[in-house]
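Peer 1: Enclosed is the structure file target-v2.pdb (PDB, C-alpha atoms and all ligand atoms).
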ATOM      1  CA  MET A   4     -48.596 -53.049  49.939  1.00  0.00           C
ATOM      2  CA  LYS A   5     -48.076 -49.338  49.668  1.00  0.00           C
ATOM      3  CA  ILE A   6     -46.059 -47.558  52.355  1.00  0.00           C
ATOM      4  CA  THR A   7     -46.087 -43.788  52.791  1.00  0.00           C
ATOM      5  CA  PHE A   8     -43.528 -42.320  55.169  1.00  0.00           C
ATOM      6  CA  ILE A   9     -45.503 -39.802  57.229  1.00  0.00           C
ATOM      7  CA  GLY A  10     -42.823 -38.857  59.759  1.00  0.00           C
ATOM      8  CA  THR A  11     -39.120 -39.632  59.462  1.00  0.00           C
ATOM      9  CA  ALA A  12     -37.467 -37.575  62.233  1.00  0.00           C
ATOM     10  CA  SER A  13     -35.527 -38.995  65.147  1.00  0.00           C
ATOM     11  CA  GLY A  14     -36.531 -38.151  68.717  1.00  0.00           C
ATOM     12  CA  LEU A  15     -35.150 -34.641  68.213  1.00  0.00           C
ATOM     13  CA  SER A  16     -37.667 -32.285  66.575  1.00  0.00           C
ATOM     14  CA  VAL A  17     -36.663 -30.592  63.316  1.00  0.00           C
ATOM     15  CA  THR A  18     -38.433 -28.258  60.910  1.00  0.00           C
ATOM     16  CA  ASP A  19     -38.520 -30.512  57.830  1.00  0.00           C
ATOM     17  CA  ARG A  20     -39.639 -33.868  59.257  1.00  0.00           C
ATOM     18  CA  ALA A  21     -42.526 -35.002  61.473  1.00  0.00           C
ATOM     19  CA  HIS A  22     -41.901 -37.561  64.197  1.00  0.00           C
ATOM     20  CA  ALA A  23     -42.147 -41.303  63.525  1.00  0.00           C
ATOM     21  CA  SER A  24     -45.144 -42.518  61.528  1.00  0.00           C
ATOM     22  CA  LEU A  25     -45.781 -44.881  58.597  1.00  0.00           C
ATOM     23  CA  TYR A  26     -48.999 -45.369  56.634  1.00  0.00           C
ATOM     24  CA  ILE A  27     -49.604 -48.837  55.227  1.00  0.00           C
ATOM     25  CA  GLU A  28     -52.240 -49.718  52.661  1.00  0.00           C
ATOM     26  CA  GLY A  29     -52.673 -53.365  51.786  1.00  0.00           C
ATOM     27  CA  GLY A  30     -55.258 -56.115  51.562  1.00  0.00           C
ATOM     28  CA  GLY A  31     -58.047 -53.542  51.910  1.00  0.00           C
ATOM     29  CA  SER A  32     -56.605 -52.196  55.192  1.00  0.00           C
ATOM     30  CA  ARG A  33     -55.200 -48.772  55.996  1.00  0.00           C
ATOM     31  CA  ILE A  34     -53.072 -48.685  59.112  1.00  0.00           C
ATOM     32  CA  LEU A  35     -50.977 -46.015  60.774  1.00  0.00           C
ATOM     33  CA  ILE A  36     -47.868 -47.451  62.395  1.00  0.00           C
ATOM     34  CA  ASP A  37     -46.646 -45.098  65.113  1.00  0.00           C
ATOM     35  CA  CYS A  38     -48.122 -41.628  65.424  1.00  0.00           C
ATOM     36  CA  GLY A  39     -45.506 -39.170  66.589  1.00  0.00           C
ATOM     37  CA  GLU A  40     -46.116 -35.457  66.942  1.00  0.00           C
ATOM     38  CA  GLY A  41     -46.789 -33.845  63.558  1.00  0.00           C
ATOM     39  CA  ALA A  42     -48.321 -36.991  62.020  1.00  0.00           C
ATOM     40  CA  LEU A  43     -51.736 -35.405  61.438  1.00  0.00           C
ATOM     41  CA  ARG A  44     -50.359 -32.386  59.597  1.00  0.00           C
ATOM     42  CA  SER A  45     -48.095 -34.621  57.532  1.00  0.00           C
ATOM     43  CA  LEU A  46     -51.005 -36.942  56.607  1.00  0.00           C
ATOM     44  CA  LEU A  47     -52.971 -33.927  55.390  1.00  0.00           C
ATOM     45  CA  MET A  48     -49.964 -32.671  53.421  1.00  0.00           C
ATOM     46  CA  GLN A  49     -49.762 -36.083  51.688  1.00  0.00           C
ATOM     47  CA  ASN A  50     -53.478 -35.828  50.801  1.00  0.00           C
ATOM     48  CA  ILE A  51     -54.298 -38.857  52.945  1.00  0.00           C
ATOM     49  CA  ASP A  52     -57.713 -38.680  54.590  1.00  0.00           C
ATOM     50  CA  PRO A  53     -57.106 -39.448  58.292  1.00  0.00           C
ATOM     51  CA  ASN A  54     -60.594 -40.895  58.460  1.00  0.00           C
ATOM     52  CA  ASP A  55     -59.522 -43.696  56.113  1.00  0.00           C
ATOM     53  CA  ILE A  56     -57.296 -45.059  58.911  1.00  0.00           C
ATOM     54  CA  SER A  57     -58.885 -48.118  60.458  1.00  0.00           C
ATOM     55  CA  ALA A  58     -56.204 -48.843  63.066  1.00  0.00           C
ATOM     56  CA  ILE A  59     -53.252 -47.178  64.784  1.00  0.00           C
ATOM     57  CA  VAL A  60     -50.411 -49.405  65.992  1.00  0.00           C
ATOM     58  CA  ILE A  61     -47.827 -48.018  68.428  1.00  0.00           C
ATOM     59  CA  SER A  62     -44.390 -49.670  68.664  1.00  0.00           C
ATOM     60  CA  HIS A  63     -43.525 -48.166  72.061  1.00  0.00           C
ATOM     61  CA  THR A  64     -44.610 -45.157  74.063  1.00  0.00           C
ATOM     62  CA  HIS A  65     -41.756 -42.712  73.706  1.00  0.00           C
ATOM     63  CA  PRO A  66     -43.437 -39.398  72.777  1.00  0.00           C
ATOM     64  CA  ASP A  67     -41.898 -39.283  69.289  1.00  0.00           C
ATOM     65  CA  HIS A  68     -43.924 -42.441  68.471  1.00  0.00           C
ATOM     66  CA  CYS A  69     -47.290 -41.769  70.108  1.00  0.00           C
ATOM     67  CA  ALA A  70     -47.781 -38.103  71.044  1.00  0.00           C
ATOM     68  CA  GLY A  71     -49.740 -37.412  67.831  1.00  0.00           C
ATOM     69  CA  ILE A  72     -52.688 -39.681  68.679  1.00  0.00           C
ATOM     70  CA  PRO A  73     -54.847 -37.217  70.667  1.00  0.00           C
ATOM     71  CA  THR A  74     -54.715 -34.495  67.981  1.00  0.00           C
ATOM     72  CA  LEU A  75     -55.476 -37.059  65.294  1.00  0.00           C
ATOM     73  CA  MET A  76     -58.520 -38.230  67.265  1.00  0.00           C
ATOM     74  CA  GLN A  77     -59.659 -34.651  67.793  1.00  0.00           C
ATOM     75  CA  TYR A  78     -59.508 -34.170  64.001  1.00  0.00           C
ATOM     76  CA  MET A  79     -61.563 -37.343  63.503  1.00  0.00           C
ATOM     77  CA  HIS A  80     -64.195 -36.039  65.918  1.00  0.00           C
ATOM     78  CA  LEU A  81     -64.332 -32.552  64.364  1.00  0.00           C
ATOM     79  CA  THR A  82     -64.753 -34.085  60.898  1.00  0.00           C
ATOM     80  CA  GLU A  83     -67.546 -36.307  62.229  1.00  0.00           C
ATOM     81  CA  ARG A  84     -65.926 -39.653  61.713  1.00  0.00           C
ATOM     82  CA  GLU A  85     -68.381 -42.486  62.239  1.00  0.00           C
ATOM     83  CA  LYS A  86     -66.416 -45.654  61.715  1.00  0.00           C
ATOM     84  CA  PRO A  87     -64.742 -47.217  64.769  1.00  0.00           C
ATOM     85  CA  LEU A  88     -61.015 -46.800  65.418  1.00  0.00           C
ATOM     86  CA  ASN A  89     -58.793 -49.479  66.887  1.00  0.00           C
ATOM     87  CA  ILE A  90     -55.622 -48.471  68.707  1.00  0.00           C
ATOM     88  CA  TYR A  91     -53.063 -51.211  69.376  1.00  0.00           C
ATOM     89  CA  LEU A  92     -50.664 -50.551  72.254  1.00  0.00           C
ATOM     90  CA  PRO A  93     -47.829 -52.599  73.759  1.00  0.00           C
ATOM     91  CA  GLN A  94     -49.087 -54.826  76.547  1.00  0.00           C
ATOM     92  CA  GLY A  95     -49.521 -52.996  79.851  1.00  0.00           C
ATOM     93  CA  VAL A  96     -50.084 -49.509  78.419  1.00  0.00           C
ATOM     94  CA  SER A  97     -53.780 -49.214  77.596  1.00  0.00           C
ATOM     95  CA  SER A  98     -55.217 -48.501  81.060  1.00  0.00           C
ATOM     96  CA  ALA A  99     -52.852 -45.525  81.571  1.00  0.00           C
ATOM     97  CA  PHE A 100     -53.630 -44.253  78.059  1.00  0.00           C
ATOM     98  CA  ARG A 101     -57.351 -44.639  78.652  1.00  0.00           C
ATOM     99  CA  LYS A 102     -57.108 -42.370  81.733  1.00  0.00           C
ATOM    100  CA  TYR A 103     -54.962 -39.856  79.841  1.00  0.00           C
ATOM    101  CA  PHE A 104     -57.393 -39.766  76.904  1.00  0.00           C
ATOM    102  CA  ASP A 105     -60.377 -39.363  79.234  1.00  0.00           C
ATOM    103  CA  GLN A 106     -58.698 -36.318  80.760  1.00  0.00           C
ATOM    104  CA  LEU A 107     -58.189 -34.937  77.221  1.00  0.00           C
ATOM    105  CA  TYR A 108     -61.997 -35.217  76.853  1.00  0.00           C
ATOM    106  CA  LEU A 109     -61.619 -37.925  74.219  1.00  0.00           C
ATOM    107  CA  LEU A 110     -64.558 -39.663  75.846  1.00  0.00           C
ATOM    108  CA  ASN A 111     -66.061 -42.533  73.918  1.00  0.00           C
ATOM    109  CA  GLU A 112     -69.578 -41.389  74.724  1.00  0.00           C
ATOM    110  CA  LYS A 113     -68.866 -37.823  73.486  1.00  0.00           C
ATOM    111  CA  LEU A 114     -66.931 -38.624  70.303  1.00  0.00           C
ATOM    112  CA  THR A 115     -68.677 -39.088  66.940  1.00  0.00           C
ATOM    113  CA  PHE A 116     -66.976 -42.506  66.672  1.00  0.00           C
ATOM    114  CA  ASP A 117     -66.128 -45.410  68.958  1.00  0.00           C
ATOM    115  CA  TYR A 118     -62.532 -46.164  69.717  1.00  0.00           C
ATOM    116  CA  ARG A 119     -61.046 -49.184  71.324  1.00  0.00           C
ATOM    117  CA  MET A 120     -57.657 -49.666  72.925  1.00  0.00           C
ATOM    118  CA  ASN A 121     -56.162 -53.102  72.449  1.00  0.00           C
ATOM    119  CA  ASP A 122     -53.038 -54.493  74.097  1.00  0.00           C
ATOM    120  CA  TYR A 123     -50.837 -56.594  71.859  1.00  0.00           C
ATOM    121  CA  THR A 124     -47.823 -58.698  72.614  1.00  0.00           C
ATOM    122  CA  GLU A 125     -45.296 -60.871  70.786  1.00  0.00           C
ATOM    123  CA  GLY A 126     -46.506 -62.695  67.669  1.00  0.00           C
ATOM    124  CA  LEU A 127     -49.305 -62.272  65.145  1.00  0.00           C
ATOM    125  CA  PHE A 128     -51.784 -59.783  66.582  1.00  0.00           C
ATOM    126  CA  TRP A 129     -53.556 -58.313  63.601  1.00  0.00           C
ATOM    127  CA  ARG A 130     -55.008 -59.972  60.556  1.00  0.00           C
ATOM    128  CA  GLY A 131     -56.968 -58.149  57.845  1.00  0.00           C
ATOM    129  CA  ASP A 132     -58.374 -59.543  54.587  1.00  0.00           C
ATOM    130  CA  ASN A 133     -54.924 -60.185  53.144  1.00  0.00           C
ATOM    131  CA  LEU A 134     -52.524 -58.364  55.453  1.00  0.00           C
ATOM    132  CA  SER A 135     -51.156 -59.523  58.766  1.00  0.00           C
ATOM    133  CA  ILE A 136     -48.913 -57.893  61.365  1.00  0.00           C
ATOM    134  CA  GLU A 137     -46.512 -59.725  63.643  1.00  0.00           C
ATOM    135  CA  ALA A 138     -44.864 -58.052  66.656  1.00  0.00           C
ATOM    136  CA  VAL A 139     -41.219 -58.864  67.430  1.00  0.00           C
ATOM    137  CA  PRO A 140     -40.076 -57.732  70.894  1.00  0.00           C
ATOM    138  CA  ASN A 141     -36.915 -55.638  71.146  1.00  0.00           C
ATOM    139  CA  LEU A 142     -34.752 -54.208  73.928  1.00  0.00           C
ATOM    140  CA  HIS A 143     -35.121 -50.515  73.110  1.00  0.00           C
ATOM    141  CA  LEU A 144     -36.671 -49.749  76.518  1.00  0.00           C
ATOM    142  CA  GLU A 145     -34.539 -52.186  78.496  1.00  0.00           C
ATOM    143  CA  HIS A 146     -32.987 -49.343  80.507  1.00  0.00           C
ATOM    144  CA  TYR A 147     -36.422 -48.519  81.970  1.00  0.00           C
ATOM    145  CA  ILE A 148     -36.998 -51.972  83.440  1.00  0.00           C
ATOM    146  CA  GLU A 149     -35.811 -50.860  86.901  1.00  0.00           C
ATOM    147  CA  TYR A 150     -38.597 -48.210  86.909  1.00  0.00           C
ATOM    148  CA  VAL A 151     -41.464 -50.489  85.848  1.00  0.00           C
ATOM    149  CA  GLU A 152     -42.643 -51.476  89.314  1.00  0.00           C
ATOM    150  CA  ARG A 153     -42.010 -48.127  90.977  1.00  0.00           C
ATOM    151  CA  TYR A 154     -43.979 -46.155  88.400  1.00  0.00           C
ATOM    152  CA  ARG A 155     -46.336 -48.972  87.325  1.00  0.00           C
ATOM    153  CA  ILE A 156     -45.346 -48.576  83.696  1.00  0.00           C
ATOM    154  CA  SER A 157     -44.580 -50.908  80.807  1.00  0.00           C
ATOM    155  CA  ALA A 158     -41.162 -51.216  79.170  1.00  0.00           C
ATOM    156  CA  ALA A 159     -42.479 -53.187  76.180  1.00  0.00           C
ATOM    157  CA  SER A 160     -41.165 -52.224  72.746  1.00  0.00           C
ATOM    158  CA  PHE A 161     -41.677 -53.951  69.400  1.00  0.00           C
ATOM    159  CA  SER A 162     -40.548 -54.203  65.808  1.00  0.00           C
ATOM    160  CA  PHE A 163     -43.037 -55.417  63.160  1.00  0.00           C
ATOM    161  CA  ILE A 164     -43.313 -57.719  60.183  1.00  0.00           C
ATOM    162  CA  PHE A 165     -46.105 -56.934  57.708  1.00  0.00           C
ATOM    163  CA  VAL A 166     -47.096 -59.764  55.390  1.00  0.00           C
ATOM    164  CA  GLU A 167     -49.342 -59.532  52.335  1.00  0.00           C
ATOM    165  CA  GLY A 168     -49.419 -62.702  50.225  1.00  0.00           C
ATOM    166  CA  ASP A 169     -45.785 -63.635  49.513  1.00  0.00           C
ATOM    167  CA  ASN A 170     -44.452 -60.154  50.343  1.00  0.00           C
ATOM    168  CA  SER A 171     -43.042 -59.211  53.703  1.00  0.00           C
ATOM    169  CA  ILE A 172     -41.855 -55.864  55.029  1.00  0.00           C
ATOM    170  CA  TYR A 173     -39.862 -55.469  58.233  1.00  0.00           C
ATOM    171  CA  TYR A 174     -40.031 -52.242  60.254  1.00  0.00           C
ATOM    172  CA  SER A 175     -37.519 -52.027  63.082  1.00  0.00           C
ATOM    173  CA  ALA A 176     -39.150 -49.098  64.924  1.00  0.00           C
ATOM    174  CA  ASP A 177     -36.636 -48.089  67.649  1.00  0.00           C
ATOM    175  CA  LEU A 178     -34.028 -50.601  68.781  1.00  0.00           C
ATOM    176  CA  LYS A 179     -31.391 -50.944  71.441  1.00  0.00           C
ATOM    177  CA  GLY A 180     -28.827 -51.828  68.774  1.00  0.00           C
ATOM    178  CA  MET A 181     -27.842 -54.467  66.236  1.00  0.00           C
ATOM    179  CA  VAL A 182     -28.804 -57.235  68.680  1.00  0.00           C
ATOM    180  CA  ASP A 183     -32.438 -56.352  67.951  1.00  0.00           C
ATOM    181  CA  LEU A 184     -32.310 -56.111  64.154  1.00  0.00           C
ATOM    182  CA  LYS A 185     -34.132 -59.300  63.115  1.00  0.00           C
ATOM    183  CA  PRO A 186     -35.679 -59.033  59.649  1.00  0.00           C
ATOM    184  CA  PRO A 187     -37.005 -62.215  58.036  1.00  0.00           C
ATOM    185  CA  SER A 188     -34.728 -63.609  55.306  1.00  0.00           C
ATOM    186  CA  ARG A 189     -35.529 -62.441  51.766  1.00  0.00           C
ATOM    187  CA  ALA A 190     -37.926 -59.710  52.929  1.00  0.00           C
ATOM    188  CA  GLU A 191     -38.935 -57.378  50.110  1.00  0.00           C
ATOM    189  CA  LEU A 192     -38.152 -54.331  52.209  1.00  0.00           C
ATOM    190  CA  MET A 193     -36.429 -53.540  55.508  1.00  0.00           C
ATOM    191  CA  ILE A 194     -37.241 -50.167  57.065  1.00  0.00           C
ATOM    192  CA  VAL A 195     -34.615 -49.443  59.703  1.00  0.00           C
ATOM    193  CA  GLU A 196     -34.198 -46.686  62.205  1.00  0.00           C
ATOM    194  CA  CYS A 197     -30.740 -45.129  62.013  1.00  0.00           C
ATOM    195  CA  THR A 198     -30.462 -43.411  65.383  1.00  0.00           C
ATOM    196  CA  HIS A 199     -29.321 -46.536  67.246  1.00  0.00           C
ATOM    197  CA  ILE A 200     -28.054 -48.599  64.275  1.00  0.00           C
ATOM    198  CA  GLY A 201     -24.998 -48.089  62.035  1.00  0.00           C
ATOM    199  CA  ILE A 202     -25.724 -47.823  58.295  1.00  0.00           C
ATOM    200  CA  GLU A 203     -22.978 -50.261  57.259  1.00  0.00           C
ATOM    201  CA  ASP A 204     -23.915 -52.765  59.989  1.00  0.00           C
ATOM    202  CA  ALA A 205     -27.527 -52.795  58.778  1.00  0.00           C
ATOM    203  CA  LEU A 206     -26.527 -53.172  55.125  1.00  0.00           C
ATOM    204  CA  ASN A 207     -24.184 -56.030  56.003  1.00  0.00           C
ATOM    205  CA  LEU A 208     -27.006 -57.853  57.755  1.00  0.00           C
ATOM    206  CA  ALA A 209     -29.371 -57.105  54.861  1.00  0.00           C
ATOM    207  CA  ALA A 210     -26.858 -58.661  52.443  1.00  0.00           C
ATOM    208  CA  ASP A 211     -26.543 -61.779  54.641  1.00  0.00           C
ATOM    209  CA  LYS A 212     -30.320 -62.142  54.834  1.00  0.00           C
ATOM    210  CA  ARG A 213     -30.811 -61.363  51.127  1.00  0.00           C
ATOM    211  CA  ILE A 214     -33.122 -58.445  51.855  1.00  0.00           C
ATOM    212  CA  LYS A 215     -34.132 -56.800  48.600  1.00  0.00           C
ATOM    213  CA  ARG A 216     -34.364 -53.147  49.601  1.00  0.00           C
ATOM    214  CA  VAL A 217     -33.313 -51.095  52.647  1.00  0.00           C
ATOM    215  CA  ILE A 218     -34.738 -47.705  53.628  1.00  0.00           C
ATOM    216  CA  PHE A 219     -33.501 -45.840  56.709  1.00  0.00           C
ATOM    217  CA  THR A 220     -35.794 -43.657  58.788  1.00  0.00           C
ATOM    218  CA  HIS A 221     -35.818 -42.041  62.287  1.00  0.00           C
ATOM    219  CA  ILE A 222     -33.116 -39.823  60.874  1.00  0.00           C
ATOM    220  CA  PRO A 223     -31.029 -37.614  63.183  1.00  0.00           C
ATOM    221  CA  PRO A 224     -30.347 -34.066  61.941  1.00  0.00           C
ATOM    222  CA  GLU A 225     -26.622 -34.667  61.460  1.00  0.00           C
ATOM    223  CA  MET A 226     -27.092 -37.775  59.262  1.00  0.00           C
ATOM    224  CA  ASP A 227     -25.659 -37.739  55.728  1.00  0.00           C
ATOM    225  CA  THR A 228     -28.724 -38.828  53.708  1.00  0.00           C
ATOM    226  CA  THR A 229     -27.013 -39.301  50.352  1.00  0.00           C
ATOM    227  CA  ASN A 230     -27.856 -42.735  48.920  1.00  0.00           C
ATOM    228  CA  ARG A 231     -24.836 -45.023  49.131  1.00  0.00           C
ATOM    229  CA  SER A 232     -24.088 -48.667  48.413  1.00  0.00           C
ATOM    230  CA  PHE A 233     -22.369 -51.255  50.548  1.00  0.00           C
ATOM    231  CA  GLU A 234     -22.187 -55.018  50.055  1.00  0.00           C
ATOM    232  CA  GLY A 235     -24.207 -54.566  46.848  1.00  0.00           C
ATOM    233  CA  ILE A 236     -27.169 -52.972  48.635  1.00  0.00           C
ATOM    234  CA  THR A 237     -28.107 -49.316  48.403  1.00  0.00           C
ATOM    235  CA  ALA A 238     -28.921 -47.372  51.537  1.00  0.00           C
ATOM    236  CA  GLU A 239     -31.925 -45.156  50.832  1.00  0.00           C
ATOM    237  CA  PHE A 240     -33.043 -42.490  53.286  1.00  0.00           C
ATOM    238  CA  ALA A 241     -36.729 -41.770  53.827  1.00  0.00           C
ATOM    239  CA  TYR A 242     -38.306 -38.324  53.714  1.00  0.00           C
ATOM    240  CA  ASP A 243     -41.793 -37.241  54.759  1.00  0.00           C
ATOM    241  CA  GLY A 244     -44.133 -38.124  51.880  1.00  0.00           C
ATOM    242  CA  MET A 245     -41.894 -40.848  50.345  1.00  0.00           C
ATOM    243  CA  GLU A 246     -44.042 -43.609  48.835  1.00  0.00           C
ATOM    244  CA  VAL A 247     -42.949 -47.186  48.246  1.00  0.00           C
ATOM    245  CA  ILE A 248     -44.932 -49.969  46.613  1.00  0.00           C
ATOM    246  CA  VAL A 249     -43.902 -53.545  47.418  1.00  0.00           C
TER     247      VAL A 249
HETATM  248 ZN    ZN B   1     -37.978 -42.775  68.441  1.00  0.00          ZN
END
Translate this structure into structure tokens?
Peer 2:
Amino acid sequence: MKITFIGTASGLSVTDRAHASLYIEGGGSRILIDCGEGALRSLLMQNIDPNDISAIVISHTHPDHCAGIPTLMQYMHLTEREKPLNIYLPQGVSSAFRKYFDQLYLLNEKLTFDYRMNDYTEGLFWRGDNLSIEAVPNLHLEHYIEYVERYRISAASFSFIFVEGDNSIYYSADLKGMVDLKPPSRAELMIVECTHIGIEDALNLAADKRIKRVIFTHIPPEMDTTNRSFEGITAEFAYDGMEVIV
């Protein structure tokens, strides 16, 4: 698998990082995980053709993880994309997104390509030729549960495990805290957000679980991003355009 960090900012916008987005190539698939604002521009700056993306997977619907989708789709239309696009959204979100996209004139019958919105929930929800994606629920949006009925919204939020052959990569996306950090033992790589998680806490857990490499993303502006070691594991900090091969 090859991972390119497309956006590594936290929820607070900054000038040198786009909002959350990861590009995964593996087993013949090219998938964008999260698509925060600025993802399209960052993809172009990394010389990645947005029309190579076959699927977009959104961990949760905070704007810093999904607000880049409409502009990306507009680009696909203007560059006359033909191949279909699949968008995977947490369960309960797709009908609201469909209405929103219709009002943005991203109408299936007007676009040069077909797109499909798919709800996913806990467990294995995507399987390519040799790459699979498992969703692990987390409590990041727990504090919205009291609003779910009143506003008819979803409070679903997920972390992911990507598996290609014997290799697995864990991506936390956004969490409530350490209670949600659940990488599989001996994963090749753990990508962890560091807005809601302490660096030393995450490295401690990585050491316990024998995780081979840890990269922090979702980086707040005040974060010290110097590589540092703890419990024999080095904390690396992602930047837009960072590439990792696992
Ligand atoms: Zn976020």
Peer 1: Could you report the residues within 7 Å of ligand ZN 1 (chain B), using all atoms listed in the file, as a VMD selection string?
Peer 2: chain A and resid 13 to 14 23 65 67 to 68 177 221
Peer 1: Considering all atoms listed in the file, return as a PyMOL selection string whatever protein or nucleic-acid residues lie within 9 Å of Thr64 in chain A, sequence-local ones (same chain, fewer than 2 positions apart) excluded.
Peer 2: chain A and resi 61-62+66-70+92-93+96+157-160
Peer 1: Find the residues around Phe100 in chain A up to 12 Å (all atoms listed in the file counted), leave out those fewer than 2 positions away in its own chain, and share them as a list of chain:residue names.
Peer 2: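 With the cut-off at 12 Å, the set is A:Ile61, A:Thr64, A:Cys69, A:Ala70, A:Ile72, A:Pro73, A:Ile90, A:Tyr91, A:Leu92, A:Pro93, A:Gln94, A:Gly95, A:Val96, A:Ser97, A:Ser98, A:Lys102, A:Tyr103, A:Phe104, A:Asp105, A:Gln106, A:Leu107, A:Leu109, A:Arg119, A:Met120, A:Asn121, A:Asp122, A:Ile156, A:Ser157.
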Peer 1: Using only C-alpha atoms, please write the residues we just selected to a file, as a PDB file, in the coordinates of the input.
Peer 2:
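Contents of the output file part_15.pdb:
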ATOM      1  CA  ILE A  61     -47.827 -48.018  68.428  1.00  0.00           C
ATOM      2  CA  THR A  64     -44.610 -45.157  74.063  1.00  0.00           C
ATOM      3  CA  CYS A  69     -47.290 -41.769  70.108  1.00  0.00           C
ATOM      4  CA  ALA A  70     -47.781 -38.103  71.044  1.00  0.00           C
ATOM      5  CA  ILE A  72     -52.688 -39.681  68.679  1.00  0.00           C
ATOM      6  CA  PRO A  73     -54.847 -37.217  70.667  1.00  0.00           C
ATOM      7  CA  ILE A  90     -55.622 -48.471  68.707  1.00  0.00           C
ATOM      8  CA  TYR A  91     -53.063 -51.211  69.376  1.00  0.00           C
ATOM      9  CA  LEU A  92     -50.664 -50.551  72.254  1.00  0.00           C
ATOM     10  CA  PRO A  93     -47.829 -52.599  73.759  1.00  0.00           C
ATOM     11  CA  GLN A  94     -49.087 -54.826  76.547  1.00  0.00           C
ATOM     12  CA  GLY A  95     -49.521 -52.996  79.851  1.00  0.00           C
ATOM     13  CA  VAL A  96     -50.084 -49.509  78.419  1.00  0.00           C
ATOM     14  CA  SER A  97     -53.780 -49.214  77.596  1.00  0.00           C
ATOM     15  CA  SER A  98     -55.217 -48.501  81.060  1.00  0.00           C
ATOM     16  CA  LYS A 102     -57.108 -42.370  81.733  1.00  0.00           C
ATOM     17  CA  TYR A 103     -54.962 -39.856  79.841  1.00  0.00           C
ATOM     18  CA  PHE A 104     -57.393 -39.766  76.904  1.00  0.00           C
ATOM     19  CA  ASP A 105     -60.377 -39.363  79.234  1.00  0.00           C
ATOM     20  CA  GLN A 106     -58.698 -36.318  80.760  1.00  0.00           C
ATOM     21  CA  LEU A 107     -58.189 -34.937  77.221  1.00  0.00           C
ATOM     22  CA  LEU A 109     -61.619 -37.925  74.219  1.00  0.00           C
ATOM     23  CA  ARG A 119     -61.046 -49.184  71.324  1.00  0.00           C
ATOM     24  CA  MET A 120     -57.657 -49.666  72.925  1.00  0.00           C
ATOM     25  CA  ASN A 121     -56.162 -53.102  72.449  1.00  0.00           C
ATOM     26  CA  ASP A 122     -53.038 -54.493  74.097  1.00  0.00           C
ATOM     27  CA  ILE A 156     -45.346 -48.576  83.696  1.00  0.00           C
ATOM     28  CA  SER A 157     -44.580 -50.908  80.807  1.00  0.00           C
TER      29      SER A 157
END
Peer 1: For Ile248 in chain A, which residue out of A:Ile172, A:Met48, A:Leu142, A:Val60 is the nearest one, using all atoms listed in the file?
Peer 2: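 Ranking A:Ile172, A:Met48, A:Leu142, A:Val60 by distance to Ile248 in chain A, first place goes to A:Ile172.
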Peer 1: Within 10 Å of (-29.1, -37.0, 58.1) (file coordinates; all atoms listed in the file), which protein or nucleic acid residues are there? I'd like them as a short mmCIF file (atom, residue, chain, number, x, y, z; two decimals) with C-alpha atoms, in the frame of the given file.
Peer 2:
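Contents of out.cif, as written:
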data_model
loop_
_atom_site.label_atom_id
_atom_site.label_comp_id
_atom_site.auth_asym_id
_atom_site.auth_seq_id
_atom_site.Cartn_x
_atom_site.Cartn_y
_atom_site.Cartn_z
CA ALA A 12 -37.47 -37.58 62.23
CA SER A 13 -35.53 -38.99 65.15
CA CYS A 197 -30.74 -45.13 62.01
CA THR A 198 -30.46 -43.41 65.38
CA PHE A 219 -33.50 -45.84 56.71
CA THR A 220 -35.79 -43.66 58.79
CA HIS A 221 -35.82 -42.04 62.29
CA ILE A 222 -33.12 -39.82 60.87
CA PRO A 223 -31.03 -37.61 63.18
CA PRO A 224 -30.35 -34.07 61.94
CA GLU A 225 -26.62 -34.67 61.46
CA MET A 226 -27.09 -37.78 59.26
CA ASP A 227 -25.66 -37.74 55.73
CA THR A 228 -28.72 -38.83 53.71
CA THR A 229 -27.01 -39.30 50.35
CA PHE A 240 -33.04 -42.49 53.29
CA ALA A 241 -36.73 -41.77 53.83
#
Peer 1: For Phe116 in chain A, find every residue with an atom within 8 Å (counting only C-alpha atoms), except residues of its own chain fewer than 4 positions away, and show them as a list in words.
Peer 2: His80, Glu83, Arg84, Glu85, Lys86, Pro87, Leu88 and Asn111 of chain A
